[in-house]
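Q: Compact mmCIF, C-alpha atoms, saved as protein.txt, coming up:
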# COMPACT_ATOMS: atom_id res chain seq x y z
CA MET A 1481 -22.59 -110.76 1.55
CA PHE A 1482 -25.30 -108.38 2.68
CA LYS A 1483 -22.88 -106.73 5.15
CA MET A 1484 -20.35 -106.14 2.35
CA ILE A 1485 -22.96 -104.41 0.14
CA LYS A 1486 -24.01 -102.25 3.06
CA SER A 1487 -20.42 -101.18 3.64
CA TYR A 1488 -19.96 -100.18 -0.04
CA MET A 1489 -23.13 -98.07 0.04
CA PHE A 1490 -22.01 -96.21 3.18
CA LEU A 1491 -18.64 -95.47 1.55
CA PHE A 1492 -20.36 -94.22 -1.61
CA ILE A 1493 -22.54 -91.83 0.39
CA VAL A 1494 -19.53 -90.41 2.28
CA VAL A 1495 -17.60 -89.80 -0.98
CA ALA A 1496 -20.61 -88.12 -2.62
CA MET A 1497 -21.11 -85.75 0.29
CA ALA A 1498 -17.41 -84.83 0.23
CA LEU A 1499 -17.65 -83.94 -3.47
CA VAL A 1500 -20.75 -81.75 -2.86
CA PHE A 1501 -19.05 -79.73 -0.10
CA ALA A 1502 -15.93 -79.30 -2.22
CA GLY A 1503 -18.01 -77.91 -5.09
CA CYS A 1504 -19.75 -75.38 -2.83
CA GLY A 1505 -16.41 -74.13 -1.54
CA ALA A 1506 -15.11 -73.54 -5.06
CA ALA A 1507 -18.25 -71.62 -6.04
CA GLU A 1508 -17.88 -69.44 -2.99
CA ASN A 1509 -14.31 -68.55 -4.01
CA THR A 1510 -15.43 -67.41 -7.50
CA LYS A 1511 -17.87 -64.72 -6.23
CA PRO A 1512 -16.82 -61.12 -7.22
CA SER A 1513 -15.11 -59.12 -4.49
CA THR A 1514 -17.20 -56.49 -2.70
CA ASN A 1515 -14.18 -54.74 -1.08
CA THR A 1516 -14.98 -50.99 -1.25
CA ASN A 1517 -11.30 -50.14 -0.69
CA ALA A 1518 -10.60 -51.13 -4.27
CA SER A 1519 -12.78 -48.32 -5.72
CA THR A 1520 -11.61 -47.10 -9.13
CA ASP A 1521 -12.71 -43.55 -8.20
CA ALA A 1522 -9.76 -43.07 -5.82
CA PRO A 1523 -7.00 -40.76 -7.15
CA ALA A 1524 -3.88 -42.42 -8.48
CA GLN A 1525 -1.15 -42.93 -5.92
CA GLY A 1526 1.33 -40.04 -5.79
CA THR A 1527 -1.11 -37.37 -7.09
CA THR A 1528 -2.54 -34.49 -4.97
CA GLU A 1529 -5.81 -32.63 -5.20
CA PRO A 1530 -5.41 -28.89 -6.06
CA SER A 1531 -5.95 -26.62 -3.03
CA THR A 1532 -9.15 -24.59 -3.08
CA GLU A 1533 -8.33 -22.57 0.03
CA PRO A 1534 -8.08 -18.77 -0.61
CA LEU A 1535 -4.74 -17.01 -0.18
CA GLU A 1536 -4.15 -15.48 3.23
CA THR A 1537 -4.93 -11.74 3.30
CA VAL A 1538 -1.87 -9.57 3.93
CA GLU A 1539 -2.31 -6.02 5.22
CA LEU A 1540 0.39 -3.54 4.24
CA THR A 1541 0.69 -0.30 6.21
CA ILE A 1542 1.99 2.61 4.15
CA SER A 1543 3.01 5.82 5.91
CA ALA A 1544 2.69 8.54 3.27
CA ALA A 1545 2.86 12.32 2.99
CA ALA A 1546 -0.59 13.89 3.12
CA SER A 1547 -0.11 15.42 -0.33
CA LEU A 1548 -0.20 11.90 -1.82
CA THR A 1549 -3.69 11.14 -0.49
CA ASP A 1550 -5.72 11.42 -3.71
CA ALA A 1551 -3.24 9.70 -6.01
CA LEU A 1552 -2.61 6.79 -3.63
CA THR A 1553 -6.33 6.31 -2.99
CA GLU A 1554 -6.87 5.80 -6.71
CA ILE A 1555 -3.84 3.50 -6.97
CA GLN A 1556 -5.15 1.50 -4.00
CA THR A 1557 -8.35 0.60 -5.85
CA ALA A 1558 -6.51 -0.64 -8.94
CA TYR A 1559 -3.83 -2.54 -7.04
CA GLN A 1560 -6.23 -4.37 -4.72
CA ALA A 1561 -8.43 -5.35 -7.67
CA ASN A 1562 -5.47 -7.17 -9.23
CA ASN A 1563 -4.12 -8.45 -5.89
CA PRO A 1564 -7.21 -9.49 -3.89
CA ASN A 1565 -5.15 -10.95 -1.04
CA ILE A 1566 -3.46 -7.57 -0.38
CA GLN A 1567 -5.11 -4.94 1.82
CA LEU A 1568 -3.45 -1.51 1.64
CA SER A 1569 -3.81 0.61 4.77
CA PHE A 1570 -2.57 4.21 4.50
CA ASN A 1571 -1.34 6.40 7.31
CA PHE A 1572 -1.32 9.93 5.84
CA GLY A 1573 0.33 12.84 7.62
CA ALA A 1574 3.25 15.25 7.73
CA SER A 1575 6.49 13.55 6.65
CA GLY A 1576 8.34 14.64 9.79
CA ALA A 1577 5.64 13.21 12.05
CA LEU A 1578 5.58 9.94 10.08
CA GLN A 1579 9.37 9.72 10.34
CA GLN A 1580 9.16 10.04 14.13
CA GLN A 1581 6.45 7.37 14.32
CA ILE A 1582 8.65 4.88 12.45
CA GLU A 1583 11.60 5.76 14.69
CA GLN A 1584 9.42 5.03 17.71
CA GLY A 1585 8.45 1.60 16.37
CA ALA A 1586 5.04 2.31 14.85
CA PRO A 1587 4.09 -0.45 12.37
CA ALA A 1588 4.89 0.47 8.76
CA ASP A 1589 5.90 -1.49 5.69
CA LEU A 1590 6.61 1.42 3.35
CA PHE A 1591 7.40 5.12 3.80
CA LEU A 1592 6.63 7.78 1.18
CA SER A 1593 8.07 11.12 2.21
CA ALA A 1594 7.63 14.61 0.75
CA ALA A 1595 11.24 15.44 1.59
CA VAL A 1596 14.55 13.66 1.14
CA LYS A 1597 15.75 14.65 4.61
CA ASN A 1598 13.08 12.54 6.34
CA MET A 1599 14.05 9.46 4.34
CA THR A 1600 17.75 10.13 4.88
CA ALA A 1601 17.19 10.26 8.64
CA LEU A 1602 15.66 6.77 8.61
CA VAL A 1603 18.41 5.40 6.37
CA ASP A 1604 21.04 6.85 8.72
CA LYS A 1605 19.34 5.09 11.64
CA GLN A 1606 19.33 1.85 9.63
CA LEU A 1607 15.53 1.65 9.72
CA ILE A 1608 15.40 1.70 5.91
CA ASP A 1609 17.98 0.06 3.62
CA THR A 1610 19.66 2.57 1.32
CA ASN A 1611 19.32 0.03 -1.52
CA GLU A 1612 15.56 -0.17 -1.03
CA GLN A 1613 14.66 3.50 -1.35
CA VAL A 1614 14.44 5.73 -4.41
CA ASN A 1615 13.29 9.24 -5.36
CA LEU A 1616 9.91 8.56 -6.95
CA LEU A 1617 8.29 11.94 -7.70
CA LYS A 1618 8.72 15.71 -7.85
CA ASN A 1619 6.38 18.58 -6.97
CA GLU A 1620 6.13 22.38 -7.02
CA LEU A 1621 5.40 24.99 -4.37
CA VAL A 1622 2.58 27.48 -5.04
CA VAL A 1623 0.58 30.07 -3.14
CA VAL A 1624 -3.20 29.72 -3.24
CA ILE A 1625 -6.00 32.12 -2.37
CA PRO A 1626 -9.77 31.58 -2.03
CA ALA A 1627 -11.47 31.01 -5.40
CA ASP A 1628 -13.48 34.20 -4.94
CA GLY A 1629 -10.51 36.20 -3.62
CA LYS A 1630 -10.31 39.76 -4.92
CA THR A 1631 -6.87 40.79 -3.65
CA ALA A 1632 -4.24 40.79 -6.41
CA ILE A 1633 -1.40 38.51 -5.27
CA GLU A 1634 1.24 37.77 -7.89
CA ASN A 1635 4.44 37.17 -5.91
CA VAL A 1636 5.72 36.73 -2.36
CA ASN A 1637 6.06 40.49 -1.84
CA ASP A 1638 2.29 40.88 -2.31
CA LEU A 1639 1.76 38.79 0.86
CA THR A 1640 2.82 41.86 2.85
CA LYS A 1641 -0.22 43.84 1.62
CA ALA A 1642 -2.58 45.09 4.33
CA GLU A 1643 -5.48 43.26 2.67
CA VAL A 1644 -3.75 39.95 3.36
CA LYS A 1645 -4.53 39.34 7.04
CA THR A 1646 -3.52 35.69 7.40
CA VAL A 1647 -1.06 33.42 5.58
CA ALA A 1648 -1.22 29.67 6.23
CA ILE A 1649 2.05 27.69 6.31
CA GLY A 1650 2.78 24.13 7.38
CA ILE A 1651 4.87 23.78 10.55
CA PRO A 1652 8.41 24.00 9.08
CA GLU A 1653 9.89 21.51 11.56
CA SER A 1654 7.55 18.67 10.54
CA VAL A 1655 5.82 19.69 7.30
CA PRO A 1656 8.15 19.73 4.28
CA ALA A 1657 5.94 22.20 2.39
CA GLY A 1658 6.24 24.55 5.36
CA ASN A 1659 10.00 24.16 5.33
CA TYR A 1660 10.16 24.91 1.60
CA ALA A 1661 7.97 27.99 2.18
CA LYS A 1662 10.27 29.14 4.98
CA GLU A 1663 13.28 28.73 2.67
CA ALA A 1664 11.63 30.83 -0.05
CA LEU A 1665 10.47 33.56 2.35
CA THR A 1666 13.86 33.67 4.09
CA LYS A 1667 15.60 34.13 0.75
CA ALA A 1668 13.16 36.96 -0.04
CA LYS A 1669 13.87 38.42 3.43
CA LEU A 1670 10.18 38.17 4.32
CA TRP A 1671 10.09 35.33 6.88
CA ASP A 1672 10.33 37.59 9.93
CA THR A 1673 8.07 40.21 8.35
CA LEU A 1674 5.23 37.73 7.82
CA GLN A 1675 5.41 36.06 11.25
CA ALA A 1676 2.73 38.35 12.68
CA LYS A 1677 0.15 37.24 10.10
CA SER A 1678 1.13 33.60 9.63
CA VAL A 1679 -0.83 30.62 10.98
CA GLN A 1680 0.88 27.23 11.09
CA ALA A 1681 -0.82 23.99 10.08
CA LYS A 1682 -0.10 20.33 10.90
CA ASP A 1683 0.08 19.35 7.21
CA VAL A 1684 -0.67 20.64 3.71
CA ARG A 1685 -4.27 19.45 3.84
CA GLN A 1686 -4.90 21.68 6.82
CA VAL A 1687 -3.34 24.62 4.96
CA LEU A 1688 -5.76 23.91 2.10
CA GLN A 1689 -8.68 23.77 4.53
CA TYR A 1690 -7.75 27.13 6.07
CA VAL A 1691 -7.81 28.81 2.67
CA GLU A 1692 -10.96 26.98 1.48
CA THR A 1693 -12.92 28.12 4.54
CA GLY A 1694 -11.63 31.71 4.44
CA ASN A 1695 -9.68 31.31 7.68
CA ALA A 1696 -6.57 32.27 5.72
CA ASP A 1697 -6.25 34.77 2.85
CA ALA A 1698 -3.37 32.84 1.30
CA GLY A 1699 -1.46 29.62 1.87
CA PHE A 1700 1.65 27.79 0.73
CA LEU A 1701 0.79 24.45 -0.87
CA TYR A 1702 2.10 21.91 -3.29
CA LYS A 1703 0.73 22.33 -6.79
CA THR A 1704 -0.82 18.87 -6.50
CA ASP A 1705 -2.91 19.84 -3.47
CA ALA A 1706 -4.03 23.08 -5.08
CA LEU A 1707 -5.38 21.14 -8.07
CA THR A 1708 -7.63 18.97 -5.87
CA SER A 1709 -9.92 21.83 -4.83
CA ASP A 1710 -12.26 24.14 -6.74
CA LYS A 1711 -12.54 26.35 -3.64
CA VAL A 1712 -9.06 27.78 -4.13
CA LYS A 1713 -7.03 29.09 -7.04
CA ILE A 1714 -3.31 29.33 -7.62
CA ALA A 1715 -2.15 32.92 -7.18
CA PHE A 1716 1.42 32.21 -8.32
CA ALA A 1717 4.11 29.55 -8.44
CA VAL A 1718 6.93 30.21 -5.99
CA ASP A 1719 10.30 30.77 -7.66
CA ALA A 1720 11.85 27.29 -7.76
CA SER A 1721 15.34 28.74 -7.32
CA THR A 1722 14.44 29.93 -3.81
CA TYR A 1723 13.88 26.48 -2.27
CA LYS A 1724 15.31 22.97 -2.54
CA THR A 1725 13.94 20.66 -5.22
CA ILE A 1726 10.84 18.95 -3.89
CA GLN A 1727 11.38 15.20 -4.16
CA TYR A 1728 9.30 12.31 -2.88
CA PRO A 1729 11.43 9.30 -1.92
CA ILE A 1730 9.89 5.91 -1.19
CA GLY A 1731 11.50 3.19 0.93
CA ILE A 1732 10.82 -0.22 2.46
CA VAL A 1733 10.91 -0.26 6.25
CA LYS A 1734 13.30 -2.94 7.54
CA ALA A 1735 10.92 -3.93 10.35
CA SER A 1736 8.22 -4.94 7.85
CA LYS A 1737 6.76 -8.37 8.55
CA HIS A 1738 5.68 -8.67 4.91
CA THR A 1739 8.87 -7.91 3.04
CA LYS A 1740 7.91 -9.71 -0.18
CA GLU A 1741 4.50 -8.04 -0.45
CA ALA A 1742 6.01 -4.65 0.48
CA LYS A 1743 8.65 -5.03 -2.23
CA ASP A 1744 5.99 -5.97 -4.78
CA PHE A 1745 4.03 -2.76 -4.06
CA TYR A 1746 7.28 -0.73 -3.93
CA THR A 1747 8.10 -2.03 -7.42
CA TYR A 1748 4.55 -1.44 -8.70
CA LEU A 1749 4.64 2.24 -7.67
CA GLN A 1750 7.59 2.68 -10.03
CA THR A 1751 5.74 1.23 -13.04
CA GLN A 1752 4.37 3.46 -15.77
CA GLU A 1753 0.83 2.47 -14.81
CA ALA A 1754 1.25 3.92 -11.31
CA LEU A 1755 3.32 6.90 -12.43
CA ASP A 1756 0.57 7.90 -14.86
CA VAL A 1757 -1.82 8.24 -11.92
CA PHE A 1758 0.65 10.46 -10.03
CA ILE A 1759 1.14 12.60 -13.14
CA LYS A 1760 -2.63 12.97 -13.49
CA TYR A 1761 -2.68 14.55 -10.04
CA GLY A 1762 0.05 17.06 -10.92
CA PHE A 1763 3.24 15.28 -9.85
CA SER A 1764 6.20 14.96 -12.16
CA VAL A 1765 8.79 12.20 -12.47
CA PRO A 1766 12.52 12.80 -11.89
CA ASN A 1767 14.68 12.47 -15.02
Can you turn what I pasted into structure tokens?

A:
Amino acid sequence: MFKMIKSYMFLFIVVAMALVFAGCGAAENTKPSTNTNASTDAPAQGTTEPSTEPLETVELTISAAASLTDALTEIQTAYQANNPNIQLSFNFGASGALQQQIEQGAPADLFLSAAVKNMTALVDKQLIDTNEQVNLLKNELVVVIPADGKTAIENVNDLTKAEVKTVAIGIPESVPAGNYAKEALTKAKLWDTLQAKSVQAKDVRQVLQYVETGNADAGFLYKTDALTSDKVKIAFAVDASTYKTIQYPIGIVKASKHTKEAKDFYTYLQTQEALDVFIKYGFSVPN
């Protein structure tokens, strides 16, 4: 009898312990998860964070006639302010020299010439697409003298006066303004006559410098260049019928590595906002 009671008690203890361990296991399973991978702060699947990286800076090289220096410098400031990822780098010079540089592979995205013939040469050599060039501006040819000049000069014939010792002209082969001057003087039968007193310059800005410093008594310039200086004054406007119409074509260079950005600036230069700046500096717009 005693042995039977002892057996029942042992069985009771075993069952009780089993129930206790089972209860602990259940409690353990009801604890809240601490898995940090389930954070509610994570973005929803399939969405992307907006990029905060700045746009890559693109440098455009523009080869432009020296007579465009002041207007393009002002346009550069406005354009870069509205397009902070664009850096405009200008290569100013004589149109003929710039044409040769592009032909020789010099980097350029756009070409602004002071003569149609320089643009035509690049189109003919398939360096600029004929559909991506247009005549943008017009200009006039004038003769300037020092602001304090006393010699009366009213027409090309007055350049033969003894008081006029030196006449500055851009190199006709590379400087369009010099070529226009040669045309006008040839038509007036004065080109050969004035050779003894002429001094040739690499571009119109050098012609202006010669007259400003008194190293030339007169010089052939574009009206736009004459208006930039208070050290010279316009003696007279050259008869427009004696030289070809002065046009400034602009074109996109095929070798450009930034075609989209070049086309954007090409298009901008044809907007009224840009044209107003050119007009302010004395250029006119073709009809």

Q: Might you pull out every residue within 10 Å of Leu1688 in chain A, with all atoms listed in the file counted and same-chain residues fewer than 4 positions away left off, and present them as a CSV table (one decimal) with C-alpha atoms, in the frame of the given file?

A:
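result-v9.csv was written with the following content:
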chain,number,residue,atom,x,y,z
A,1624,VAL,CA,-3.2,29.7,-3.2
A,1625,ILE,CA,-6.0,32.1,-2.4
A,1626,PRO,CA,-9.8,31.6,-2.0
A,1648,ALA,CA,-1.2,29.7,6.2
A,1649,ILE,CA,2.0,27.7,6.3
A,1681,ALA,CA,-0.8,24.0,10.1
A,1683,ASP,CA,0.1,19.4,7.2
A,1684,VAL,CA,-0.7,20.6,3.7
A,1692,GLU,CA,-11.0,27.0,1.5
A,1693,THR,CA,-12.9,28.1,4.5
A,1696,ALA,CA,-6.6,32.3,5.7
A,1698,ALA,CA,-3.4,32.8,1.3
A,1699,GLY,CA,-1.5,29.6,1.9
A,1700,PHE,CA,1.6,27.8,0.7
A,1701,LEU,CA,0.8,24.4,-0.9
A,1702,TYR,CA,2.1,21.9,-3.3
A,1705,ASP,CA,-2.9,19.8,-3.5
A,1706,ALA,CA,-4.0,23.1,-5.1
A,1708,THR,CA,-7.6,19.0,-5.9
A,1709,SER,CA,-9.9,21.8,-4.8
A,1711,LYS,CA,-12.5,26.4,-3.6
A,1712,VAL,CA,-9.1,27.8,-4.1

Q: What separation in Å, quoted to one decimal, exists between CA of Ala1586 in chain A and CA of Pro1729 in chain A?

A: 19.3 Å

Q: Give me, please, the distance in Å between CA of Val1622 in chain A and CA of Gln1727 in chain A, quoted to one decimal.

A: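 These atoms are spaced 15.1 Å apart.
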
Q: Just want the 8 Å neighbourhood of Phe1716 in chain A, counted on only C-alpha atoms, with same-chain residues fewer than 2 positions away dropped. Output as a list in words.

A: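 Surrounding residues, per the criterion: Val1622, Val1623, Val1624, Ile1633, Glu1634, Asn1635, Ile1714 and Val1718 of chain A.
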
Q: For range 1634-1670 of chain A versus range 1572-1585 of chain A, which residues have an atom no more than 12 Å away, and what is each residue's nearest atom pair and distance in Å rounded to one decimal, using all atoms listed in the file, chain-then-number order, as a tab-separated table?

A:
residue	atom	partner	partner_atom	distance
A:Gly1650	CA	A:Ala1574	CA	8.9
A:Ile1651	CA	A:Ala1574	CA	9.1
A:Pro1652	CA	A:Gly1576	CA	9.4
A:Glu1653	CA	A:Gly1576	CA	7.3
A:Ser1654	CA	A:Gly1576	CA	4.2
A:Val1655	CA	A:Ala1574	CA	5.1
A:Pro1656	CA	A:Ser1575	CA	6.8
A:Ala1657	CA	A:Ala1574	CA	9.2
A:Gly1658	CA	A:Ala1574	CA	10.1
A:Asn1659	CA	A:Gly1576	CA	10.6

Q: From the set A:Leu1707, A:Val1647, A:Leu1540, A:Leu1602, which residue has the shortest atom-to-atom contact distance to Ser1678 in chain A, counting only C-alpha atoms?

A: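 Nearest candidate to Ser1678 in chain A out of A:Leu1707, A:Val1647, A:Leu1540, A:Leu1602: A:Val1647.
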
Q: Expressed in Å to a single decimal, how great is the separation between CA of Tyr1660 in chain A and CA of Tyr1723 in chain A?

A: 5.6 Å

Q: Counting only C-alpha atoms, figure out which residue out of A:Ala1545, A:Ile1732, A:Ala1664, A:Val1538 gets nearest to Leu1568 in chain A.

A: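 The shortest atom-to-atom distance to Leu1568 in chain A comes from A:Val1538.
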
Q: So for range 1711-1727 of chain A, what box centre and size do we get, axis-aligned, 5 Å extra on each of the six sides, every listed atom, Å to one decimal, as AutoDock Vina command-line options?

A:
--center_x 1.4 --center_y 24.1 --center_z -5.4 --size_x 37.9 --size_y 27.7 --size_z 16.2
